[in-house]
file coords05.cif (mmCIF, C-alpha atoms)
data_query
loop_
_atom_site.group_PDB
_atom_site.id
_atom_site.type_symbol
_atom_site.label_atom_id
_atom_site.label_comp_id
_atom_site.auth_asym_id
_atom_site.auth_seq_id
_atom_site.Cartn_x
_atom_site.Cartn_y
_atom_site.Cartn_z
ATOM 1 C CA MET A 1 -99.534 -72.807 -165.846
ATOM 2 C CA ALA A 2 -99.434 -70.961 -169.137
ATOM 3 C CA SER A 3 -101.870 -71.993 -171.821
ATOM 4 C CA SER A 4 -101.719 -71.306 -175.548
ATOM 5 C CA ILE A 5 -104.198 -70.036 -178.095
ATOM 6 C CA ASN A 6 -103.918 -69.287 -181.790
ATOM 7 C CA LEU A 7 -104.998 -66.001 -183.318
ATOM 8 C CA LEU A 8 -105.767 -66.187 -187.030
ATOM 9 C CA ILE A 9 -104.168 -63.437 -189.092
ATOM 10 C CA THR A 10 -104.810 -62.594 -192.739
ATOM 11 C CA PRO A 11 -101.565 -61.541 -194.490
ATOM 12 C CA PRO A 12 -101.343 -58.363 -196.542
ATOM 13 C CA ASN A 13 -101.326 -59.354 -200.714
ATOM 14 C CA SER A 14 -110.731 -24.227 -181.659
ATOM 15 C CA GLN A 15 -108.459 -25.587 -179.273
ATOM 16 C CA TYR A 16 -109.740 -28.961 -178.277
ATOM 17 C CA SER A 17 -107.927 -30.633 -175.421
ATOM 18 C CA PHE A 18 -110.074 -32.438 -172.939
ATOM 19 C CA CYS A 19 -110.152 -35.405 -170.651
ATOM 20 C CA SER A 20 -112.946 -36.548 -168.403
ATOM 21 C CA ARG A 21 -114.273 -39.730 -166.906
ATOM 22 C CA ASN A 22 -117.757 -39.713 -169.222
ATOM 23 C CA SER A 23 -87.774 -37.018 -177.130
ATOM 24 C CA LEU A 24 -88.456 -37.643 -180.513
ATOM 25 C CA PHE A 25 -86.236 -40.597 -181.375
ATOM 26 C CA PHE A 26 -85.226 -41.656 -184.819
ATOM 27 C CA SER A 27 -82.296 -43.190 -186.608
ATOM 28 C CA PRO A 28 -80.010 -40.727 -188.437
ATOM 29 C CA SER A 29 -80.518 -42.808 -191.547
ATOM 30 C CA ILE A 30 -83.790 -44.064 -192.936
ATOM 31 C CA THR A 31 -84.069 -47.852 -192.809
ATOM 32 C CA THR A 32 -86.930 -49.882 -194.209
ATOM 33 C CA PHE A 33 -88.430 -52.431 -191.835
ATOM 34 C CA ARG A 34 -88.844 -55.886 -193.367
ATOM 35 C CA ARG A 35 -90.991 -58.631 -191.947
ATOM 36 C CA THR A 36 -92.875 -61.541 -193.424
ATOM 37 C CA LEU A 37 -96.223 -61.762 -191.675
ATOM 38 C CA PRO A 38 -97.409 -65.243 -190.678
ATOM 39 C CA SER A 39 -99.606 -66.804 -193.309
ATOM 40 C CA LYS A 40 -101.908 -68.703 -190.963
ATOM 41 C CA SER A 41 -101.598 -67.940 -187.299
ATOM 42 C CA LEU A 42 -99.857 -65.987 -184.579
ATOM 43 C CA SER A 43 -98.995 -68.021 -181.490
ATOM 44 C CA ILE A 44 -99.904 -66.350 -178.237
ATOM 45 C CA SER A 45 -99.275 -67.533 -174.711
ATOM 46 C CA ALA A 46 -101.410 -66.616 -171.725
ATOM 47 C CA SER A 47 -100.582 -66.528 -168.055
ATOM 48 C CA ALA A 48 -103.148 -66.121 -165.306
ATOM 49 C CA SER A 49 -100.656 -64.138 -163.240
ATOM 50 C CA SER A 50 -100.618 -61.352 -165.839
ATOM 51 C CA THR A 51 -104.380 -60.843 -166.018
ATOM 52 C CA ARG A 52 -105.439 -57.266 -166.769
ATOM 53 C CA ALA A 53 -108.844 -55.608 -166.832
ATOM 54 C CA LEU A 54 -109.568 -53.458 -169.871
ATOM 55 C CA GLU A 55 -110.700 -50.041 -168.617
ATOM 56 C CA ALA A 56 -109.711 -47.772 -171.518
ATOM 57 C CA LEU A 57 -109.460 -48.308 -175.264
ATOM 58 C CA ILE A 58 -107.130 -45.815 -176.949
ATOM 59 C CA PHE A 59 -106.959 -45.211 -180.707
ATOM 60 C CA ASP A 60 -104.273 -43.572 -182.770
ATOM 61 C CA CYS A 61 -105.775 -41.435 -185.543
ATOM 62 C CA ASP A 62 -103.719 -41.448 -188.755
ATOM 63 C CA GLY A 63 -103.492 -44.987 -190.114
ATOM 64 C CA VAL A 64 -105.978 -46.368 -187.575
ATOM 65 C CA ILE A 65 -109.158 -44.297 -187.794
ATOM 66 C CA LEU A 66 -108.371 -43.365 -191.384
ATOM 67 C CA GLU A 67 -105.718 -44.444 -193.844
ATOM 68 C CA SER A 68 -104.307 -40.966 -194.197
ATOM 69 C CA GLU A 69 -100.638 -41.077 -195.061
ATOM 70 C CA HIS A 70 -101.191 -40.667 -198.797
ATOM 71 C CA LEU A 71 -103.305 -37.613 -197.977
ATOM 72 C CA HIS A 72 -100.539 -36.144 -195.823
ATOM 73 C CA ARG A 73 -97.995 -36.787 -198.585
ATOM 74 C CA GLN A 74 -100.213 -34.994 -201.085
ATOM 75 C CA ALA A 75 -100.538 -32.027 -198.716
ATOM 76 C CA TYR A 76 -96.762 -31.836 -198.138
ATOM 77 C CA ASN A 77 -96.019 -31.941 -201.856
ATOM 78 C CA ASP A 78 -98.654 -29.271 -202.509
ATOM 79 C CA ALA A 79 -96.940 -27.094 -199.885
ATOM 80 C CA PHE A 80 -93.512 -27.647 -201.445
ATOM 81 C CA SER A 81 -94.907 -26.703 -204.836
ATOM 82 C CA HIS A 82 -96.803 -23.661 -203.520
ATOM 83 C CA PHE A 83 -93.669 -22.210 -201.892
ATOM 84 C CA ASN A 84 -91.325 -23.463 -204.660
ATOM 85 C CA VAL A 85 -89.206 -25.391 -202.151
ATOM 86 C CA ARG A 86 -85.997 -26.539 -203.846
ATOM 87 C CA CYS A 87 -83.224 -28.492 -202.147
ATOM 88 C CA PRO A 88 -79.559 -28.233 -203.225
ATOM 89 C CA ASP A 89 -79.391 -31.838 -204.456
ATOM 90 C CA ASN A 90 -82.290 -31.332 -206.902
ATOM 91 C CA ASP A 91 -82.923 -27.635 -207.446
ATOM 92 C CA ASP A 92 -84.348 -27.904 -210.962
ATOM 93 C CA LYS A 93 -87.879 -28.506 -209.639
ATOM 94 C CA PRO A 94 -89.847 -28.228 -206.375
ATOM 95 C CA LEU A 95 -89.339 -30.941 -203.786
ATOM 96 C CA ASN A 96 -91.687 -33.901 -204.179
ATOM 97 C CA TRP A 97 -91.703 -36.830 -201.778
ATOM 98 C CA SER A 98 -92.353 -40.078 -203.641
ATOM 99 C CA LEU A 99 -94.746 -42.705 -202.326
ATOM 100 C CA GLU A 100 -91.909 -45.142 -201.660
ATOM 101 C CA PHE A 101 -89.811 -42.577 -199.788
ATOM 102 C CA TYR A 102 -92.708 -41.271 -197.732
ATOM 103 C CA ASP A 103 -93.731 -44.778 -196.677
ATOM 104 C CA VAL A 104 -90.310 -45.162 -195.067
ATOM 105 C CA LEU A 105 -90.092 -41.608 -193.716
ATOM 106 C CA GLN A 106 -93.487 -41.589 -192.009
ATOM 107 C CA ASN A 107 -92.750 -44.911 -190.354
ATOM 108 C CA GLN A 108 -89.461 -43.647 -188.928
ATOM 109 C CA ILE A 109 -90.272 -40.111 -187.812
ATOM 110 C CA GLY A 110 -93.472 -38.980 -186.096
ATOM 111 C CA GLY A 111 -94.859 -35.468 -186.604
ATOM 112 C CA GLY A 112 -94.703 -33.147 -189.608
ATOM 113 C CA LYS A 113 -92.127 -30.645 -188.400
ATOM 114 C CA PRO A 114 -89.613 -33.319 -187.328
ATOM 115 C CA LYS A 115 -90.005 -34.964 -190.752
ATOM 116 C CA MET A 116 -89.098 -31.767 -192.599
ATOM 117 C CA ARG A 117 -86.325 -30.846 -190.166
ATOM 118 C CA TRP A 118 -84.726 -34.249 -190.609
ATOM 119 C CA TYR A 119 -85.040 -34.115 -194.395
ATOM 120 C CA PHE A 120 -83.531 -30.637 -194.724
ATOM 121 C CA LYS A 121 -80.651 -31.512 -192.400
ATOM 122 C CA GLU A 122 -79.876 -34.565 -194.521
ATOM 123 C CA ASN A 123 -80.396 -33.016 -197.955
ATOM 124 C CA GLY A 124 -79.584 -29.347 -197.407
ATOM 125 C CA TRP A 125 -81.805 -26.438 -196.409
ATOM 126 C CA PRO A 126 -83.834 -25.287 -199.406
ATOM 127 C CA THR A 127 -84.512 -22.056 -201.188
ATOM 128 C CA SER A 128 -88.161 -21.017 -201.432
ATOM 129 C CA THR A 129 -90.483 -18.070 -201.806
ATOM 130 C CA ILE A 130 -90.283 -17.819 -198.001
ATOM 131 C CA PHE A 131 -86.499 -17.275 -198.102
ATOM 132 C CA GLN A 132 -84.721 -16.494 -201.357
ATOM 133 C CA HIS A 133 -81.555 -18.048 -199.963
ATOM 134 C CA SER A 134 -81.241 -21.148 -197.802
ATOM 135 C CA PRO A 135 -81.869 -20.205 -194.150
ATOM 136 C CA GLU A 136 -78.693 -20.411 -192.089
ATOM 137 C CA ASP A 137 -79.727 -19.642 -188.520
ATOM 138 C CA ASP A 138 -82.092 -21.538 -186.259
ATOM 139 C CA ASN A 139 -84.758 -18.814 -186.193
ATOM 140 C CA ASP A 140 -85.082 -18.655 -189.982
ATOM 141 C CA ARG A 141 -85.093 -22.424 -190.255
ATOM 142 C CA ALA A 142 -87.843 -22.650 -187.644
ATOM 143 C CA LYS A 143 -89.833 -20.001 -189.530
ATOM 144 C CA LEU A 144 -89.472 -21.959 -192.784
ATOM 145 C CA ILE A 145 -90.709 -25.189 -191.202
ATOM 146 C CA ASP A 146 -93.526 -23.439 -189.320
ATOM 147 C CA THR A 147 -94.753 -21.743 -192.504
ATOM 148 C CA LEU A 148 -94.667 -24.951 -194.527
ATOM 149 C CA GLN A 149 -96.394 -26.923 -191.767
ATOM 150 C CA ASP A 150 -99.150 -24.328 -191.328
ATOM 151 C CA TRP A 151 -99.904 -24.256 -195.069
ATOM 152 C CA LYS A 152 -99.712 -28.061 -195.300
ATOM 153 C CA THR A 153 -102.174 -28.391 -192.402
ATOM 154 C CA GLU A 154 -104.696 -26.112 -194.094
ATOM 155 C CA ARG A 155 -104.342 -28.041 -197.341
ATOM 156 C CA TYR A 156 -104.865 -31.316 -195.481
ATOM 157 C CA LYS A 157 -108.045 -29.882 -193.940
ATOM 158 C CA GLU A 158 -109.352 -29.068 -197.411
ATOM 159 C CA ILE A 159 -108.810 -32.688 -198.469
ATOM 160 C CA ILE A 160 -110.597 -34.031 -195.390
ATOM 161 C CA LYS A 161 -113.501 -31.625 -195.859
ATOM 162 C CA SER A 162 -113.961 -32.789 -199.449
ATOM 163 C CA GLY A 163 -116.145 -35.662 -198.242
ATOM 164 C CA THR A 164 -114.147 -38.284 -200.137
ATOM 165 C CA VAL A 165 -112.419 -39.753 -197.055
ATOM 166 C CA GLU A 166 -113.975 -42.633 -195.084
ATOM 167 C CA PRO A 167 -112.990 -44.204 -191.726
ATOM 168 C CA ARG A 168 -111.277 -47.577 -191.841
ATOM 169 C CA PRO A 169 -113.521 -50.656 -191.545
ATOM 170 C CA GLY A 170 -114.757 -51.562 -188.080
ATOM 171 C CA VAL A 171 -113.511 -48.453 -186.268
ATOM 172 C CA LEU A 172 -116.859 -46.804 -185.537
ATOM 173 C CA ARG A 173 -118.510 -50.049 -184.451
ATOM 174 C CA LEU A 174 -115.614 -50.858 -182.121
ATOM 175 C CA MET A 175 -115.810 -47.399 -180.549
ATOM 176 C CA ASP A 176 -119.541 -47.802 -180.005
ATOM 177 C CA GLU A 177 -119.099 -51.254 -178.482
ATOM 178 C CA ALA A 178 -116.504 -49.930 -176.027
ATOM 179 C CA LYS A 179 -118.783 -47.117 -174.880
ATOM 180 C CA ALA A 180 -121.753 -49.494 -174.646
ATOM 181 C CA ALA A 181 -119.658 -51.715 -172.374
ATOM 182 C CA GLY A 182 -119.060 -48.754 -170.083
ATOM 183 C CA LYS A 183 -115.369 -48.442 -170.946
ATOM 184 C CA MET A 184 -113.415 -45.251 -171.440
ATOM 185 C CA LEU A 185 -112.493 -44.218 -174.961
ATOM 186 C CA ALA A 186 -109.590 -42.015 -176.044
ATOM 187 C CA VAL A 187 -107.727 -40.815 -179.128
ATOM 188 C CA CYS A 188 -103.998 -40.027 -178.959
ATOM 189 C CA SER A 189 -102.365 -38.749 -182.137
ATOM 190 C CA ALA A 190 -98.926 -37.300 -182.855
ATOM 191 C CA ALA A 191 -100.416 -35.039 -185.539
ATOM 192 C CA THR A 192 -101.263 -31.349 -185.237
ATOM 193 C CA LYS A 193 -104.290 -30.833 -183.022
ATOM 194 C CA SER A 194 -106.289 -28.819 -185.542
ATOM 195 C CA SER A 195 -105.913 -31.494 -188.222
ATOM 196 C CA VAL A 196 -106.832 -34.299 -185.802
ATOM 197 C CA VAL A 197 -109.912 -32.408 -184.600
ATOM 198 C CA LEU A 198 -111.025 -31.951 -188.199
ATOM 199 C CA CYS A 199 -110.522 -35.642 -188.973
ATOM 200 C CA LEU A 200 -112.450 -36.772 -185.923
ATOM 201 C CA GLU A 201 -115.340 -34.352 -186.447
ATOM 202 C CA ASN A 202 -115.708 -35.416 -190.068
ATOM 203 C CA LEU A 203 -115.016 -39.143 -189.756
ATOM 204 C CA ILE A 204 -116.362 -40.312 -186.397
ATOM 205 C CA GLY A 205 -118.986 -37.557 -186.051
ATOM 206 C CA LEU A 206 -119.522 -34.842 -183.460
ATOM 207 C CA ASP A 207 -121.367 -37.073 -180.989
ATOM 208 C CA ARG A 208 -118.576 -39.640 -180.804
ATOM 209 C CA PHE A 209 -115.906 -36.936 -180.766
ATOM 210 C CA HIS A 210 -117.410 -35.039 -177.855
ATOM 211 C CA GLY A 211 -118.109 -38.359 -176.128
ATOM 212 C CA LEU A 212 -114.404 -39.202 -175.936
ATOM 213 C CA ASP A 213 -113.097 -39.493 -172.407
ATOM 214 C CA CYS A 214 -109.711 -38.189 -173.491
ATOM 215 C CA PHE A 215 -108.257 -36.598 -176.608
ATOM 216 C CA LEU A 216 -104.582 -35.680 -176.957
ATOM 217 C CA ALA A 217 -102.625 -34.479 -179.985
ATOM 218 C CA GLY A 218 -98.970 -33.854 -180.688
ATOM 219 C CA ASP A 219 -99.345 -30.286 -179.422
ATOM 220 C CA ASP A 220 -100.152 -31.584 -175.924
ATOM 221 C CA VAL A 221 -96.802 -33.289 -175.229
ATOM 222 C CA LYS A 222 -93.179 -32.277 -175.670
ATOM 223 C CA GLU A 223 -92.011 -35.451 -177.375
ATOM 224 C CA LYS A 224 -93.541 -37.252 -180.345
ATOM 225 C CA LYS A 225 -94.061 -40.978 -180.726
ATOM 226 C CA PRO A 226 -92.175 -43.343 -180.324
ATOM 227 C CA ASP A 227 -91.678 -41.489 -177.051
ATOM 228 C CA PRO A 228 -94.399 -42.831 -174.695
ATOM 229 C CA SER A 229 -95.303 -39.413 -173.225
ATOM 230 C CA ILE A 230 -98.665 -39.093 -174.953
ATOM 231 C CA TYR A 231 -99.910 -42.453 -173.654
ATOM 232 C CA ILE A 232 -98.553 -41.909 -170.154
ATOM 233 C CA THR A 233 -100.317 -38.528 -170.107
ATOM 234 C CA ALA A 234 -103.571 -40.108 -171.304
ATOM 235 C CA ALA A 235 -103.520 -42.727 -168.536
ATOM 236 C CA LYS A 236 -102.962 -40.059 -165.896
ATOM 237 C CA LYS A 237 -105.794 -37.893 -167.215
ATOM 238 C CA LEU A 238 -108.119 -40.862 -167.467
ATOM 239 C CA GLY A 239 -107.194 -41.930 -163.949
ATOM 240 C CA VAL A 240 -106.397 -45.524 -164.903
ATOM 241 C CA SER A 241 -103.350 -47.731 -164.739
ATOM 242 C CA GLU A 242 -101.345 -48.036 -167.951
ATOM 243 C CA SER A 243 -101.647 -51.819 -167.609
ATOM 244 C CA ASN A 244 -105.434 -51.553 -167.934
ATOM 245 C CA CYS A 245 -105.283 -49.629 -171.222
ATOM 246 C CA LEU A 246 -105.297 -51.167 -174.686
ATOM 247 C CA VAL A 247 -103.934 -49.161 -177.618
ATOM 248 C CA VAL A 248 -104.837 -49.589 -181.293
ATOM 249 C CA GLU A 249 -101.951 -48.577 -183.558
ATOM 250 C CA ASP A 250 -100.869 -49.111 -187.150
ATOM 251 C CA SER A 251 -97.076 -48.701 -187.066
ATOM 252 C CA VAL A 252 -93.997 -49.737 -185.147
ATOM 253 C CA ILE A 253 -93.544 -46.115 -183.994
ATOM 254 C CA GLY A 254 -96.938 -46.191 -182.311
ATOM 255 C CA LEU A 255 -96.346 -49.697 -180.982
ATOM 256 C CA GLN A 256 -93.104 -48.556 -179.342
ATOM 257 C CA ALA A 257 -94.877 -45.573 -177.782
ATOM 258 C CA ALA A 258 -97.631 -47.776 -176.350
ATOM 259 C CA THR A 259 -95.381 -50.515 -174.980
ATOM 260 C CA GLY A 260 -92.955 -47.898 -173.674
ATOM 261 C CA ALA A 261 -95.842 -46.547 -171.600
ATOM 262 C CA GLY A 262 -96.535 -50.018 -170.206
ATOM 263 C CA MET A 263 -99.668 -50.548 -172.316
ATOM 264 C CA SER A 264 -100.682 -53.526 -174.412
ATOM 265 C CA CYS A 265 -101.152 -52.801 -178.108
ATOM 266 C CA VAL A 266 -102.952 -54.357 -181.069
ATOM 267 C CA ILE A 267 -101.958 -53.501 -184.613
ATOM 268 C CA THR A 268 -104.220 -52.820 -187.581
ATOM 269 C CA TYR A 269 -101.636 -52.403 -190.293
ATOM 270 C CA THR A 270 -101.839 -50.449 -193.541
ATOM 271 C CA SER A 271 -100.226 -51.081 -196.912
ATOM 272 C CA SER A 272 -97.267 -48.925 -195.875
ATOM 273 C CA THR A 273 -96.704 -50.619 -192.498
ATOM 274 C CA ALA A 274 -97.507 -54.255 -193.286
ATOM 275 C CA ASP A 275 -93.838 -55.300 -193.452
ATOM 276 C CA GLN A 276 -92.876 -53.870 -190.072
ATOM 277 C CA ASP A 277 -91.850 -55.955 -187.077
ATOM 278 C CA PHE A 278 -94.831 -56.082 -184.712
ATOM 279 C CA LYS A 279 -93.531 -58.787 -182.391
ATOM 280 C CA GLU A 280 -94.418 -56.717 -179.307
ATOM 281 C CA ALA A 281 -98.097 -56.465 -180.287
ATOM 282 C CA ILE A 282 -100.612 -58.802 -178.643
ATOM 283 C CA ALA A 283 -102.547 -59.164 -181.907
ATOM 284 C CA ILE A 284 -102.175 -58.086 -185.539
ATOM 285 C CA TYR A 285 -105.091 -57.413 -187.896
ATOM 286 C CA PRO A 286 -105.347 -56.230 -191.531
ATOM 287 C CA ASP A 287 -108.302 -54.093 -190.371
ATOM 288 C CA LEU A 288 -110.914 -54.069 -187.617
ATOM 289 C CA SER A 289 -113.900 -55.259 -189.643
ATOM 290 C CA ASP A 290 -114.027 -58.656 -187.891
ATOM 291 C CA VAL A 291 -112.759 -57.513 -184.489
ATOM 292 C CA ARG A 292 -115.229 -57.109 -181.627
ATOM 293 C CA PHE A 293 -114.696 -55.305 -178.361
ATOM 294 C CA ASN A 294 -115.170 -58.602 -176.512
ATOM 295 C CA ASP A 295 -112.246 -60.011 -178.499
ATOM 296 C CA LEU A 296 -109.964 -57.209 -177.322
ATOM 297 C CA GLU A 297 -111.203 -57.492 -173.762
ATOM 298 C CA SER A 298 -110.424 -61.201 -173.754
ATOM 299 C CA LEU A 299 -106.922 -60.609 -175.097
ATOM 300 C CA LEU A 300 -106.088 -58.254 -172.247
ATOM 301 C CA GLN A 301 -107.814 -60.311 -169.561
ATOM 302 C CA ASP A 302 -105.942 -63.427 -170.640
ATOM 303 C CA GLY A 303 -102.678 -61.534 -170.295
ATOM 304 C CA VAL A 304 -101.521 -62.576 -173.756
ATOM 305 C CA VAL A 305 -98.055 -61.859 -175.014
ATOM 306 C CA ALA A 306 -97.223 -62.295 -178.693
ATOM 307 C CA LYS A 307 -94.572 -64.882 -179.483
#

call {"tool": "encode", "arguments": {"input": "coords05.cif", "output": "structure tokens"}}
result
Amino acid sequence: MASSINLLITPPNSQYSFCSRNSLFFSPSITTFRRTLPSKSLSISASASSTRALEALIFDCDGVILESEHLHRQAYNDAFSHFNVRCPDNDDKPLNWSLEFYDVLQNQIGGGKPKMRWYFKENGWPTSTIFQHSPEDDNDRAKLIDTLQDWKTERYKEIIKSGTVEPRPGVLRLMDEAKAAGKMLAVCSAATKSSVVLCLENLIGLDRFHGLDCFLAGDDVKEKKPDPSIYITAAKKLGVSESNCLVVEDSVIGLQAATGAGMSCVITYTSSTADQDFKEAIAIYPDLSDVRFNDLESLLQDGVVAK
């Protein structure tokens, strides 16, 4: 017989690729997700027949380990300015993605290159110091995007190295608790591998980074989130069933990737994702400061499904 519990929710106001035991999809038009988060509680039902054992805790990076999207936006705009990228619909000044636009864009399309490719297809391929005229063939367009992405990545690294960026509350403690409990720990990010490696080395520290049981970046799979490939690959490399993995994500794109892989997912939302529809998550948190590993283990063991 199913039982019910209530989960209290506070509303919003170098080539590393290792694993050891110790099709991009997006809508052709950008649509903002709207959702009013519950003010007091999230009802969850539990069924003994769906009991799972938590064997691996998997973190996304951007938005989960660090609140990074404003840093990525800054790096993109710096790249557009550096190469004087000007689109046909507004060619009087370099392209600049506003905070409001980027909040929607980054929650619809995973990965830097797909973001730019979508934008240029919708708004016209730009002129720049890379190409005096708008690129017309696929090779030149790929070169434009590759050049912008490479420069943006280096700029993002400079920001991370500045020492002004901190991990989100509760992340490091939760990682340590998982390892202390003898569970496997992984990071799966859709971002460029070099930028993820830099973030992890600087924010969780070298010991925790090298202690990960699995680390995968966008470079390691053909399709970006919300495609579930990265999580399916992680489960295979870890040697565990997808049903015994728990993913920590911050956006509906990541949630779709996790559930599409057959994994349970908890959400720790950010200011740019707080209004999204997280009905498929088993729990929703403003951050991880009050979340303990035992709490997550209990959620999975009880076989909870968000209502």

call {"tool": "resolve_selection", "arguments": {"input": "coords05.cif", "expression": "the PyMOL selection byres ((chain A and resi 166) around 7)", "output": "JSON, numbers by chain"}}
result
{"A": [66, 164, 165, 167, 168, 203]}

call {"tool": "atom_distance", "arguments": {"input": "coords05.cif", "atom1": "atom CA of A:Pro228", "atom2": "atom CA of A:Ala178"}}
result
23.3 Å

call {"tool": "closest_residue", "arguments": {"input": "coords05.cif", "among": "A:Leu206, A:Met263, A:Ala56, A:Val85", "to": "A:Ser134", "atoms": "only C-alpha atoms"}}
result
A:Val85

call {"tool": "atom_distance", "arguments": {"input": "coords05.cif", "atom1": "atom CA of A:Phe131", "atom2": "atom CA of A:Asp146"}}
result
12.8 Å

call {"tool": "closest_residue", "arguments": {"input": "coords05.cif", "among": "A:Leu99, A:Ala181, A:Leu54, A:Ile65", "to": "A:Ile204", "atoms": "all atoms listed in the file"}}
result
A:Ile65

call {"tool": "closest_residue", "arguments": {"input": "coords05.cif", "among": "A:Asp295, A:Asp176, A:Asp150, A:Glu122", "to": "A:Leu246", "atoms": "all atoms listed in the file"}}
result
A:Asp295

call {"tool": "resolve_selection", "arguments": {"input": "coords05.cif", "expression": "the PyMOL selection byres ((chain A and resi 151) around 12)", "output": "PyMOL selection string"}}
result
chain A and resi 72+75-83+112+130+144-150+152-158+195

call {"tool": "residues_around", "arguments": {"input": "coords05.cif", "residues": "stretch 215-217 of chain A", "least_positions_apart": "4", "cutoff": "9 Å", "atoms": "all atoms listed in the file", "output": "number ranges by chain"}}
result
A: 16-19, 185-194, 196-197, 209, 221, 230-231, 233-234

call {"tool": "closest_residue", "arguments": {"input": "coords05.cif", "among": "A:Ser251, A:Asn90, A:Gln132, A:Ser264", "to": "A:Gln106", "atoms": "only C-alpha atoms"}}
result
A:Ser251

call {"tool": "resolve_selection", "arguments": {"input": "coords05.cif", "expression": "the PyMOL selection byres ((chain A and resi 281) around 8)", "output": "tab-separated table (two decimals) with C-alpha atoms, keeping the file's coordinate frame"}}
result
chain	number	residue	atom	x	y	z
A	255	LEU	CA	-96.35	-49.70	-180.98
A	264	SER	CA	-100.68	-53.53	-174.41
A	265	CYS	CA	-101.15	-52.80	-178.11
A	266	VAL	CA	-102.95	-54.36	-181.07
A	267	ILE	CA	-101.96	-53.50	-184.61
A	278	PHE	CA	-94.83	-56.08	-184.71
A	279	LYS	CA	-93.53	-58.79	-182.39
A	280	GLU	CA	-94.42	-56.72	-179.31
A	282	ILE	CA	-100.61	-58.80	-178.64
A	283	ALA	CA	-102.55	-59.16	-181.91
A	284	ILE	CA	-102.18	-58.09	-185.54
A	305	VAL	CA	-98.06	-61.86	-175.01
A	306	ALA	CA	-97.22	-62.30	-178.69

call {"tool": "closest_residue", "arguments": {"input": "coords05.cif", "among": "A:Asn202, A:Leu172, A:Asn294, A:Ala235", "to": "A:Val64", "atoms": "all atoms listed in the file"}}
result
A:Leu172

call {"tool": "closest_residue", "arguments": {"input": "coords05.cif", "among": "A:Ser271, A:Gln256, A:Thr129, A:Gln301", "to": "A:Ser243", "atoms": "all atoms listed in the file"}}
result
A:Gln301

call {"tool": "atom_distance", "arguments": {"input": "coords05.cif", "atom1": "atom CA of A:Gly110", "atom2": "atom CA of A:Asp60"}}
result
12.2 Å

call {"tool": "residues_around", "arguments": {"input": "coords05.cif", "residues": "A:Arg86", "least_positions_apart": "3", "cutoff": "9 Å", "atoms": "only C-alpha atoms", "output": "ChimeraX atom specification"}}
result
/A:80-81,89-95,125-128
